[in-house]
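> Just passing along the structure, written as structure tokens.
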Amino acid sequence: MRPIKSTVPITLAVFMGLFAACVNVELAVAQDQPKPQAAKPEKKITEINVGYLRAYAPQLALSVLDVPPRDEGVAGAKVAITDNNTTGAFTGQKFNLEVVQVKPDEDVTAAFDAMMEKSDRYILTDLSAKQLLSIADKARDKGVLLFNVGNTDDSLREEDCRINVFHTAPTRSMLADGLAQYLIWKQWPKWVLIYGSHERDKLFADALRRAAERFGGQIVGEKEFKDTGTAKQTDSGVVQIQKQMPVFTQDLPDHDVVLVADESEVFGSYVPFRTWIPRPVAGTAGMIPSIWHPASEQWGGAQIQNRFEKASGRRMLSKDMAAWTAVRVVGEAATRTPDADPAKMEEFIRSDKFSVAAFRGQKATFRSWNLQMREPIFLGDGRGVITTSPQEGFLHQVSELDTLGVDKPETKCVLK
Amino acid sequence: MKAGPLVAGTAFAVLMSGSPAFAYMAYVSNEKDNTVTVVDTDTKEVVKTIKVGQRPRGITISHDGKFVYVCASDDDNIEIIDTVTSEIVGSLPSGPDPELFVLSPDGKTLYVANEDDNLVTVIDIESKKVLAEVPVGVEPEGMGVSHDGKTMVNTSETTNMAHFIDTGTNEITDNVLVDSRPRFAEFKPDDSEVWVSAEIGGTVSVIDNATRQVKHKITFEIPGLRAESIQPVGIRITDDGKKAYVALGPANRVAVVNAETYEVEKYVLVGQRVWQLAFTPDQKTIISTNGISNDITFIDVATDEPVQSVTVGALPWGVVVSPTK
């Protein structure tokens with residue numbers, strides 16, 4: 001498949017139109033409001049190009065409500081570009097977004113090279129680890145910063161970390177730790193784990209096992225749910241599931257909570273309310289950890305939620321927030337580096353002075369040892385936020401957020 | 001001065017019968033339960049709870065004390081409360097999601113921050129008409145006006161700037177970069193400086209009003225508390241320009257700052273998530289709203305000691321005190 005590209009926009013409205021057409025999303029509503037007048041309009045305009053390289057193909061989910069929107073992530077970047085441009089009107093800076101899309105598992109180096117020709121110095125990526133690693137060193141040699149907004153693999157922050165790859169997406173271990181802290185706080189320490197048969201399901205299961213060990217949870221039983229290639233929910237499938245799931249969970253030892261690791265959407269949503277004994281479900285189904293929740297209004301969140309919905313016509317998801325934050329990192333660095341010199345901006349982002357406000361209740365900063373953003377973990381169900389981790393009482397000598405995920409003393413990352 | 005029990009009793013009775021009170025009244029907006037609590041600042045007792053629109057936040061009062069104005073953020077308007085009858089007697093066209101506002105020194109104009117639309121709306125109170133809309137940065141919030149009425153300052157939370165607006169032309173004259181999530185702007189009584197709090201940045205920037213440059217940044221350190229939990233929000237400066245009070249949000253304290261040397265002299269422990277502040281007109285007392293503990297704290301300005309906390313509604317946000325007894 002030929003990469004789909006949008007060109008560098010001339011005005012915001014044109015940009016939004018082009019963008020919507022190119023990635024084939026519902027037409028975005030351009031904000032109809034007067035442009036802010038800059039104090040000194042004679043100021044020259046500095047253009048800052050942000051790229052967005054994504055591997056995308058429409059995906060199914062067990063519930064149609066969980067089907068990822070086509071512009072998942074991209075819509076967040078777009079709102080942040082608008083935010084940056086509102087500020088840019090005062091600072092003489094203009095931000096452009098170029099979205100390039102390839103197929104999952106497709107070679108991305110050609111697409112990346114084409115982006116390089118347009119001199120994108122900051123590129124958001126929503127790619128597989130293999131795809132990301134295929135361009136990371138090339139990007140480094142050209143002075144390009146990558147922002148991983150979609151990949152939760154711990155390995156990208158550990159053995160495969162790179163000096164020029166920042167992560168606003170959380171890791172599986174951060175998500176699992178956020179979940180485990182709450183279950184321990186609730187004094188529900190006995191868990192059973194049901195995991196899928198695909199690689200990513202197993203990675204999340206590993207993260208849950210690690211979290212159990214870290215926070216004093218006990219996994220008393222485990223079971224793999226094999227993907228036998230069945231179709232997603234069908235007209236009569238509900239009847240079967242109602243009978244199959246209790247039987248599948250019947251032989252598990254007694255427990256407080258069922259943990260589910262099914263990123264592949266094979267069985268996870270079928271677990272809640274269908275277990276042999278009545279127990280709450282958490283993980284990729286039931287109570288789900290994430291860095292954002294579409295119903296969160298905590299920490300000024302209502303404002304970004306309203307803004308996002310107005311611009312995108314849907315609620316804001318975690319990947320949208322990861323992308324919004326990444327573009328705001330670039331924007332914040334540009335605002336505080338008057339001539340937007342890329343070397344100075346990079347130096348600032350890497351410095352301990354850097355932080356960005358991202359509706360997380362405190363400064364969002366990067367862990368210096370692996371460039372992972374410190375983020376609270378929301379635990380929510382389909383309706384709302386149940387709690388936010390780190391939980392009270394999980395202490396840390398540097399930042400409580402570092403109780404989530406791989407901490408400095410344990411890291412395998414050597415930035416290069 | 002503390003009123004005797006007999007006087008206070010009379011005042012209470014008179015108020016209940018619908019006449020003006022004989023004490024300074026504090027009006028507290030309760031974000032969560034859509035009410036305004038009226039508290040007698042002498043007896044420190046709740047005298048009335050007024051039902052208002054949805055998500056009341058910013059609150060102020062007319063200079064004659066006759067009307068309280070409340071931003072009903074989720075209803076997209078500003079409600080006008082008659083302080084004698086405690087009834088809502090009208091509303092002002094605020095623009096969407098009004099959060100904070102400031103009244104001009106002549107009492108005729110209200111400047112409103114519209115968070116969702118990146119605008120400051122200028123409203124003529126008498127005609128209830130919108131006079132101007134000034135485009136500002138992302139998520140406008142803090143609003144301050146100079147005592148001479150010539151300059152208005154708005155802070156934008158995601159743009160991280162203090163926008164100086166000429167009230168004659170309603171145009172921005174200067175944009176001053178401050179730290180993350182600026183929440184509040186307060187002019188010194190002599191208009192020489194504007195103090196801007198940054199909630200996530202954890203600082204107060206002191207901006208020279210003549211040069212429009214940040215001349216000093218006040219930082220806060222509280223033993224045993226992490227820097228991230230110190231989140232400055234509301235600021236008030238005494239009429240003599242000597243002392244400033246800064247509400248520190250989840251640090252649960254109000255900082256007392258020497259407004260001449262910028263040294264933090266004291267941290268007063270109040271309640272959880274301390275948000276906004278208001279002096280009584282005699283400046284003997286300053287009142288803090290403590291969102292999570294659902295109360296307000298009276299702090300004695302002479303000693304900077306907390307005197308008493310009073311339970312109000314759910315998630316108290318803003319507070320204003322009537323200008324006259």
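FYI, nothing fancy with the structure tokens labels: chains A, B, ... in order, residues from 1 per chain, ligands from 1 as they appear.
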How close does chain B get to chain A? List, as a Markdown table, each residue of chain B within 8 Å, its nearest atom pair and the distance in Å to one decimal, counting only C-alpha atoms.


| residue | atom | partner | partner_atom | distance |
| --- | --- | --- | --- | --- |
| B:Glu115 | CA | A:Gln303 | CA | 7.1 |
| B:Asp116 | CA | A:Gln303 | CA | 6.4 |
| B:Val134 | CA | A:Pro36 | CA | 7.8 |
| B:Pro135 | CA | A:Pro36 | CA | 4.7 |
| B:Val136 | CA | A:Pro36 | CA | 5.9 |
| B:Gly137 | CA | A:Thr87 | CA | 5.6 |
| B:Val138 | CA | A:Asp83 | CA | 6.2 |
| B:Glu139 | CA | A:Gln303 | CA | 7.5 |
| B:Thr158 | CA | A:Ala357 | CA | 7.2 |
| B:Thr159 | CA | A:Thr87 | CA | 5.2 |
| B:Ile172 | CA | A:Ala39 | CA | 6.1 |
| B:Thr173 | CA | A:Ala39 | CA | 5.4 |
| B:Asp174 | CA | A:Ala39 | CA | 5.7 |
| B:Asn175 | CA | A:Ala39 | CA | 7.0 |
| B:Ser180 | CA | A:Ala357 | CA | 6.1 |
| B:Arg181 | CA | A:Ala357 | CA | 6.7 |
| B:Ile200 | CA | A:Lys363 | CA | 5.7 |
| B:Gly201 | CA | A:Lys363 | CA | 7.3 |
| B:Glu228 | CA | A:Gln362 | CA | 5.9 |
| B:Ser229 | CA | A:Gln362 | CA | 7.4 |

> Taking only stretch 34-239 of chain B into account, list the residues labelled strand (DSSP E or B) by DSSP (computed from the backbone), as a ChimeraX atom specification.

/B:35-40,45-51,56-61,67-72,77-82,88-93,98-103,109-114,119-124,129-135,140-145,151-156,161-166,171-177,182-187,193-198,203-208,213-219,235-237

> Distance atom CA of A:Lys223-atom CA of A:Pro289, one decimal place?

21.0 Å

> For B:Asp82, please output as a PDB file with all heavy atoms, in the first residue's frame all residues within 10 Å (counting only C-alpha atoms; exclusion window: fewer than 3 positions along the same chain).


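Result saved to selection-v3.pdb:
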ATOM      1  N   GLY B  65     -22.606  46.401  47.238  1.00  0.00           N
ATOM      2  CA  GLY B  65     -22.999  45.234  48.023  1.00  0.00           C
ATOM      3  C   GLY B  65     -24.389  44.711  47.733  1.00  0.00           C
ATOM      4  O   GLY B  65     -24.868  43.808  48.399  1.00  0.00           O
ATOM      5  N   LYS B  66     -25.050  45.266  46.716  1.00  0.00           N
ATOM      6  CA  LYS B  66     -26.445  44.865  46.480  1.00  0.00           C
ATOM      7  C   LYS B  66     -26.577  43.563  45.693  1.00  0.00           C
ATOM      8  O   LYS B  66     -27.565  42.855  45.824  1.00  0.00           O
ATOM      9  CB  LYS B  66     -27.184  45.976  45.730  1.00  0.00           C
ATOM     10  CG  LYS B  66     -27.537  47.144  46.635  1.00  0.00           C
ATOM     11  CD  LYS B  66     -28.324  48.188  45.874  1.00  0.00           C
ATOM     12  CE  LYS B  66     -28.676  49.352  46.790  1.00  0.00           C
ATOM     13  NZ  LYS B  66     -29.008  50.558  46.028  1.00  0.00           N
ATOM     14  N   PHE B  67     -25.600  43.306  44.836  1.00  0.00           N
ATOM     15  CA  PHE B  67     -25.722  42.119  43.982  1.00  0.00           C
ATOM     16  C   PHE B  67     -24.456  41.270  44.003  1.00  0.00           C
ATOM     17  O   PHE B  67     -23.345  41.797  43.939  1.00  0.00           O
ATOM     18  CB  PHE B  67     -26.011  42.535  42.528  1.00  0.00           C
ATOM     19  CG  PHE B  67     -27.277  43.304  42.376  1.00  0.00           C
ATOM     20  CD1 PHE B  67     -27.244  44.683  42.169  1.00  0.00           C
ATOM     21  CD2 PHE B  67     -28.507  42.662  42.451  1.00  0.00           C
ATOM     22  CE1 PHE B  67     -28.427  45.406  42.046  1.00  0.00           C
ATOM     23  CE2 PHE B  67     -29.694  43.380  42.325  1.00  0.00           C
ATOM     24  CZ  PHE B  67     -29.650  44.759  42.118  1.00  0.00           C
ATOM     25  N   VAL B  68     -24.675  39.969  44.095  1.00  0.00           N
ATOM     26  CA  VAL B  68     -23.566  39.017  43.959  1.00  0.00           C
ATOM     27  C   VAL B  68     -23.651  38.425  42.560  1.00  0.00           C
ATOM     28  O   VAL B  68     -24.746  38.103  42.079  1.00  0.00           O
ATOM     29  CB  VAL B  68     -23.671  37.897  45.026  1.00  0.00           C
ATOM     30  CG1 VAL B  68     -22.755  36.714  44.683  1.00  0.00           C
ATOM     31  CG2 VAL B  68     -23.299  38.449  46.401  1.00  0.00           C
ATOM     32  N   TYR B  69     -22.511  38.331  41.890  1.00  0.00           N
ATOM     33  CA  TYR B  69     -22.468  37.724  40.563  1.00  0.00           C
ATOM     34  C   TYR B  69     -21.747  36.377  40.669  1.00  0.00           C
ATOM     35  O   TYR B  69     -20.680  36.291  41.275  1.00  0.00           O
ATOM     36  CB  TYR B  69     -21.706  38.621  39.578  1.00  0.00           C
ATOM     37  CG  TYR B  69     -22.286  40.013  39.492  1.00  0.00           C
ATOM     38  CD1 TYR B  69     -21.681  41.084  40.169  1.00  0.00           C
ATOM     39  CD2 TYR B  69     -23.429  40.262  38.754  1.00  0.00           C
ATOM     40  CE1 TYR B  69     -22.210  42.365  40.098  1.00  0.00           C
ATOM     41  CE2 TYR B  69     -23.976  41.533  38.679  1.00  0.00           C
ATOM     42  CZ  TYR B  69     -23.365  42.591  39.356  1.00  0.00           C
ATOM     43  OH  TYR B  69     -23.893  43.843  39.296  1.00  0.00           O
ATOM     44  N   GLU B  79     -25.078  34.439  36.999  1.00  0.00           N
ATOM     45  CA  GLU B  79     -26.316  34.721  37.698  1.00  0.00           C
ATOM     46  C   GLU B  79     -26.130  35.900  38.642  1.00  0.00           C
ATOM     47  O   GLU B  79     -25.055  36.080  39.231  1.00  0.00           O
ATOM     48  CB  GLU B  79     -26.761  33.480  38.479  1.00  0.00           C
ATOM     49  CG  GLU B  79     -27.187  32.385  37.518  1.00  0.00           C
ATOM     50  CD  GLU B  79     -27.666  31.125  38.186  1.00  0.00           C
ATOM     51  OE1 GLU B  79     -27.066  30.734  39.201  1.00  0.00           O
ATOM     52  OE2 GLU B  79     -28.642  30.544  37.693  1.00  0.00           O
ATOM     53  N   THR B  85     -32.689  39.822  49.271  1.00  0.00           N
ATOM     54  CA  THR B  85     -33.696  38.749  49.246  1.00  0.00           C
ATOM     55  C   THR B  85     -33.065  37.372  49.049  1.00  0.00           C
ATOM     56  O   THR B  85     -33.739  36.362  49.207  1.00  0.00           O
ATOM     57  CB  THR B  85     -34.678  38.967  48.081  1.00  0.00           C
ATOM     58  OG1 THR B  85     -33.937  38.890  46.855  1.00  0.00           O
ATOM     59  CG2 THR B  85     -35.348  40.324  48.182  1.00  0.00           C
ATOM     60  N   SER B  86     -31.762  37.339  48.694  1.00  0.00           N
ATOM     61  CA  SER B  86     -31.070  36.084  48.373  1.00  0.00           C
ATOM     62  C   SER B  86     -31.714  35.360  47.195  1.00  0.00           C
ATOM     63  O   SER B  86     -31.624  34.152  47.072  1.00  0.00           O
ATOM     64  CB  SER B  86     -31.012  35.139  49.581  1.00  0.00           C
ATOM     65  OG  SER B  86     -30.280  35.738  50.604  1.00  0.00           O
ATOM     66  N   GLU B  87     -32.411  36.093  46.358  1.00  0.00           N
ATOM     67  CA  GLU B  87     -33.035  35.503  45.174  1.00  0.00           C
ATOM     68  C   GLU B  87     -32.183  35.797  43.950  1.00  0.00           C
ATOM     69  O   GLU B  87     -31.519  36.836  43.882  1.00  0.00           O
ATOM     70  CB  GLU B  87     -34.423  36.135  44.922  1.00  0.00           C
ATOM     71  CG  GLU B  87     -35.412  35.980  46.055  1.00  0.00           C
ATOM     72  CD  GLU B  87     -36.062  34.610  46.043  1.00  0.00           C
ATOM     73  OE1 GLU B  87     -36.212  34.038  44.955  1.00  0.00           O
ATOM     74  OE2 GLU B  87     -36.397  34.119  47.135  1.00  0.00           O
ATOM     75  N   ILE B  88     -32.258  34.888  42.982  1.00  0.00           N
ATOM     76  CA  ILE B  88     -31.619  35.176  41.705  1.00  0.00           C
ATOM     77  C   ILE B  88     -32.543  36.111  40.938  1.00  0.00           C
ATOM     78  O   ILE B  88     -33.706  35.792  40.694  1.00  0.00           O
ATOM     79  CB  ILE B  88     -31.351  33.884  40.919  1.00  0.00           C
ATOM     80  CG1 ILE B  88     -30.296  33.060  41.669  1.00  0.00           C
ATOM     81  CG2 ILE B  88     -30.880  34.187  39.496  1.00  0.00           C
ATOM     82  CD1 ILE B  88     -30.109  31.659  41.156  1.00  0.00           C
ATOM     83  N   VAL B  89     -32.011  37.282  40.598  1.00  0.00           N
ATOM     84  CA  VAL B  89     -32.883  38.292  39.983  1.00  0.00           C
ATOM     85  C   VAL B  89     -32.572  38.513  38.509  1.00  0.00           C
ATOM     86  O   VAL B  89     -33.213  39.326  37.850  1.00  0.00           O
ATOM     87  CB  VAL B  89     -32.793  39.637  40.743  1.00  0.00           C
ATOM     88  CG1 VAL B  89     -33.415  39.492  42.119  1.00  0.00           C
ATOM     89  CG2 VAL B  89     -31.351  40.126  40.846  1.00  0.00           C
ATOM     90  N   GLY B  90     -31.580  37.803  37.992  1.00  0.00           N
ATOM     91  CA  GLY B  90     -31.281  37.989  36.572  1.00  0.00           C
ATOM     92  C   GLY B  90     -30.006  37.281  36.207  1.00  0.00           C
ATOM     93  O   GLY B  90     -29.408  36.576  37.021  1.00  0.00           O
TER      94      GLY B  90
END

> Need to verify the contact set: B:Asp106, 10 Å, only C-alpha atoms, exclusion of same-chain residues closer than 5 positions in sequence. Can you return it as a ChimeraX atom specification?

/B:62-63,147-149

> What would the file look like if the residues just selected were written as a JSON list (two decimals), in the first residue's frame with N, CA and C atoms?


[["chain", "number", "residue", "atom", "x", "y", "z"],
["B", 62, "SER", "N", -21.13, 43.45, 43.71],
["B", 62, "SER", "CA", -21.13, 44.85, 43.27],
["B", 62, "SER", "C", -20.56, 45.73, 44.38],
["B", 63, "HIS", "N", -20.03, 46.89, 43.98],
["B", 63, "HIS", "CA", -19.35, 47.73, 44.98],
["B", 63, "HIS", "C", -20.31, 48.24, 46.06],
["B", 147, "HIS", "N", -6.08, 48.89, 39.64],
["B", 147, "HIS", "CA", -6.93, 49.73, 40.47],
["B", 147, "HIS", "C", -7.33, 51.01, 39.75],
["B", 148, "ASP", "N", -6.51, 51.43, 38.77],
["B", 148, "ASP", "CA", -6.90, 52.61, 37.98],
["B", 148, "ASP", "C", -7.84, 52.21, 36.83],
["B", 149, "GLY", "N", -8.12, 50.92, 36.72],
["B", 149, "GLY", "CA", -9.09, 50.45, 35.72],
["B", 149, "GLY", "C", -8.58, 50.42, 34.30]]

> Could you give me, as a CSV table (one decimal) with C-alpha atoms, in the first residue's frame, each residue of stretch 239-324 of chain A that DSSP assigns to alpha helix (DSSP H) when run on this structure's backbone?


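Output below, filename out-v5.csv:
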chain,number,residue,atom,x,y,z
A,239,VAL,CA,-25.9,-18.1,24.1
A,240,GLN,CA,-22.7,-20.1,23.7
A,241,ILE,CA,-20.6,-17.6,25.6
A,242,GLN,CA,-23.0,-17.6,28.5
A,243,LYS,CA,-22.4,-21.3,28.8
A,244,GLN,CA,-18.7,-21.5,27.9
A,245,MET,CA,-17.3,-18.9,30.2
A,246,PRO,CA,-18.5,-20.3,33.5
A,247,VAL,CA,-17.2,-23.7,32.5
A,248,PHE,CA,-13.8,-22.2,31.5
A,249,THR,CA,-13.5,-20.5,34.9
A,250,GLN,CA,-14.9,-23.3,36.9
A,301,GLY,CA,-9.8,17.6,32.3
A,302,ALA,CA,-13.3,18.9,31.4
A,303,GLN,CA,-11.6,21.6,29.4
A,304,ILE,CA,-9.6,19.4,27.2
A,305,GLN,CA,-12.5,16.9,26.9
A,306,ASN,CA,-14.8,19.7,25.7
A,307,ARG,CA,-12.2,21.0,23.3
A,308,PHE,CA,-11.5,17.6,21.9
A,309,GLU,CA,-15.1,16.6,21.4
A,310,LYS,CA,-15.8,19.9,19.7
A,311,ALA,CA,-13.0,19.4,17.3
A,312,SER,CA,-13.3,15.6,16.7
A,318,SER,CA,-5.8,7.3,25.8
A,319,LYS,CA,-4.0,7.4,22.5
A,320,ASP,CA,-5.4,10.8,21.7
A,321,MET,CA,-4.1,12.0,25.0
A,322,ALA,CA,-0.7,10.5,24.4
A,323,ALA,CA,-0.5,12.3,21.0
A,324,TRP,CA,-1.9,15.5,22.4

> Which is closest to B:Ile80 among B:Leu119, B:Ala227, B:Glu126, B:Glu263, if we use only C-alpha atoms?

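So, comparing all the options, the nearest one is B:Glu126.
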
> So which one's closest to A:Val108, A:Val74, A:Leu53, A:Ile291, A:Phe267? Using only C-alpha atoms, please.

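Result for the nearest residue to A:Val108: A:Leu53.
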
> Between atom CA of A:Ile81 and atom CA of A:Gly313, what is the spacing in Å?

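Those two atoms sit 16.8 Å apart.
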
> Name all residues at most 8 Å from B:Ile286 (count only C-alpha atoms; drop same-chain ones fewer than 5 positions away) and give them as a PyMOL selection string.

chain B and resi 277-280+298-301

> Quick one: write out the picked residues with N, CA, C and O atoms as a PDB file, in the first residue's frame?


ATOM      1  N   LEU B 277      -9.266  32.962  47.851  1.00  0.00           N
ATOM      2  CA  LEU B 277      -9.147  33.731  49.081  1.00  0.00           C
ATOM      3  C   LEU B 277      -9.932  35.037  48.964  1.00  0.00           C
ATOM      4  O   LEU B 277     -10.090  35.568  47.871  1.00  0.00           O
ATOM      5  N   ALA B 278     -10.408  35.545  50.111  1.00  0.00           N
ATOM      6  CA  ALA B 278     -11.004  36.890  50.124  1.00  0.00           C
ATOM      7  C   ALA B 278     -10.787  37.518  51.492  1.00  0.00           C
ATOM      8  O   ALA B 278     -10.910  36.848  52.519  1.00  0.00           O
ATOM      9  N   PHE B 279     -10.466  38.821  51.484  1.00  0.00           N
ATOM     10  CA  PHE B 279     -10.370  39.579  52.728  1.00  0.00           C
ATOM     11  C   PHE B 279     -11.759  40.046  53.143  1.00  0.00           C
ATOM     12  O   PHE B 279     -12.632  40.278  52.296  1.00  0.00           O
ATOM     13  N   THR B 280     -11.947  40.242  54.446  1.00  0.00           N
ATOM     14  CA  THR B 280     -13.082  41.049  54.876  1.00  0.00           C
ATOM     15  C   THR B 280     -12.679  42.503  54.590  1.00  0.00           C
ATOM     16  O   THR B 280     -11.484  42.821  54.539  1.00  0.00           O
ATOM     17  N   PHE B 298     -11.153  30.878  58.408  1.00  0.00           N
ATOM     18  CA  PHE B 298     -10.903  32.287  58.725  1.00  0.00           C
ATOM     19  C   PHE B 298      -9.486  32.400  59.285  1.00  0.00           C
ATOM     20  O   PHE B 298      -9.137  31.726  60.253  1.00  0.00           O
ATOM     21  N   ILE B 299      -8.663  33.227  58.638  1.00  0.00           N
ATOM     22  CA  ILE B 299      -7.297  33.444  59.118  1.00  0.00           C
ATOM     23  C   ILE B 299      -7.195  34.870  59.646  1.00  0.00           C
ATOM     24  O   ILE B 299      -7.630  35.820  58.976  1.00  0.00           O
ATOM     25  N   ASP B 300      -6.637  35.024  60.830  1.00  0.00           N
ATOM     26  CA  ASP B 300      -6.451  36.347  61.414  1.00  0.00           C
ATOM     27  C   ASP B 300      -5.250  37.004  60.733  1.00  0.00           C
ATOM     28  O   ASP B 300      -4.144  36.458  60.746  1.00  0.00           O
ATOM     29  N   VAL B 301      -5.459  38.163  60.135  1.00  0.00           N
ATOM     30  CA  VAL B 301      -4.406  38.815  59.350  1.00  0.00           C
ATOM     31  C   VAL B 301      -3.294  39.370  60.249  1.00  0.00           C
ATOM     32  O   VAL B 301      -2.125  39.426  59.855  1.00  0.00           O
TER      33      VAL B 301
END

> Measure the distance from atom CA of A:Ala111 to atom CA of A:Val149 in Å and round it to one decimal.

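Distance between the two atoms: 17.7 Å.
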
> Wanna dump the stretch 74-189 of chain A-stretch 371-391 of chain A contacts at 10 Å for me, each residue with its shortest atom pair and the distance in Å to one decimal, counting only C-alpha atoms, ordered by chain and number, as CSV?


residue,atom,partner,partner_atom,distance
A:Phe147,CA,A:Leu371,CA,9.6
A:Asn148,CA,A:Gln372,CA,9.3
A:Asp154,CA,A:Gln372,CA,10.0
A:Leu156,CA,A:Gln372,CA,9.6
A:Arg157,CA,A:Gln372,CA,6.8
A:Cys161,CA,A:Leu371,CA,8.4
A:Arg162,CA,A:Leu371,CA,8.5
A:Ile163,CA,A:Leu371,CA,7.8
A:Asn164,CA,A:Leu371,CA,8.5
A:Val165,CA,A:Leu371,CA,7.0
A:Phe166,CA,A:Leu371,CA,5.0
A:His167,CA,A:Gln372,CA,4.8
A:Thr168,CA,A:Met373,CA,5.3
A:Ala169,CA,A:Met373,CA,7.7
A:Pro170,CA,A:Glu375,CA,7.4
A:Thr171,CA,A:Gln372,CA,8.4
A:Met174,CA,A:Ile377,CA,7.5
A:Leu175,CA,A:Ile377,CA,6.4
A:Ala176,CA,A:Ile377,CA,9.3
A:Asp177,CA,A:Pro390,CA,8.5
A:Gly178,CA,A:Ser389,CA,5.1
A:Leu179,CA,A:Leu379,CA,6.9
A:Ala180,CA,A:Ser389,CA,9.3
A:Gln181,CA,A:Gln391,CA,6.2
A:Tyr182,CA,A:Gln391,CA,6.3
A:Leu183,CA,A:Gln391,CA,9.8
A:Ile184,CA,A:Gln391,CA,9.4
A:Trp185,CA,A:Gln391,CA,7.3

> List the spatial neighbours of stretch 190-194 of chain A as a ChimeraX atom specification - criterion: any atom at most 7 Å away, only C-alpha atoms, same-chain residues fewer than 4 positions off excluded.

/A:217-225,255-261
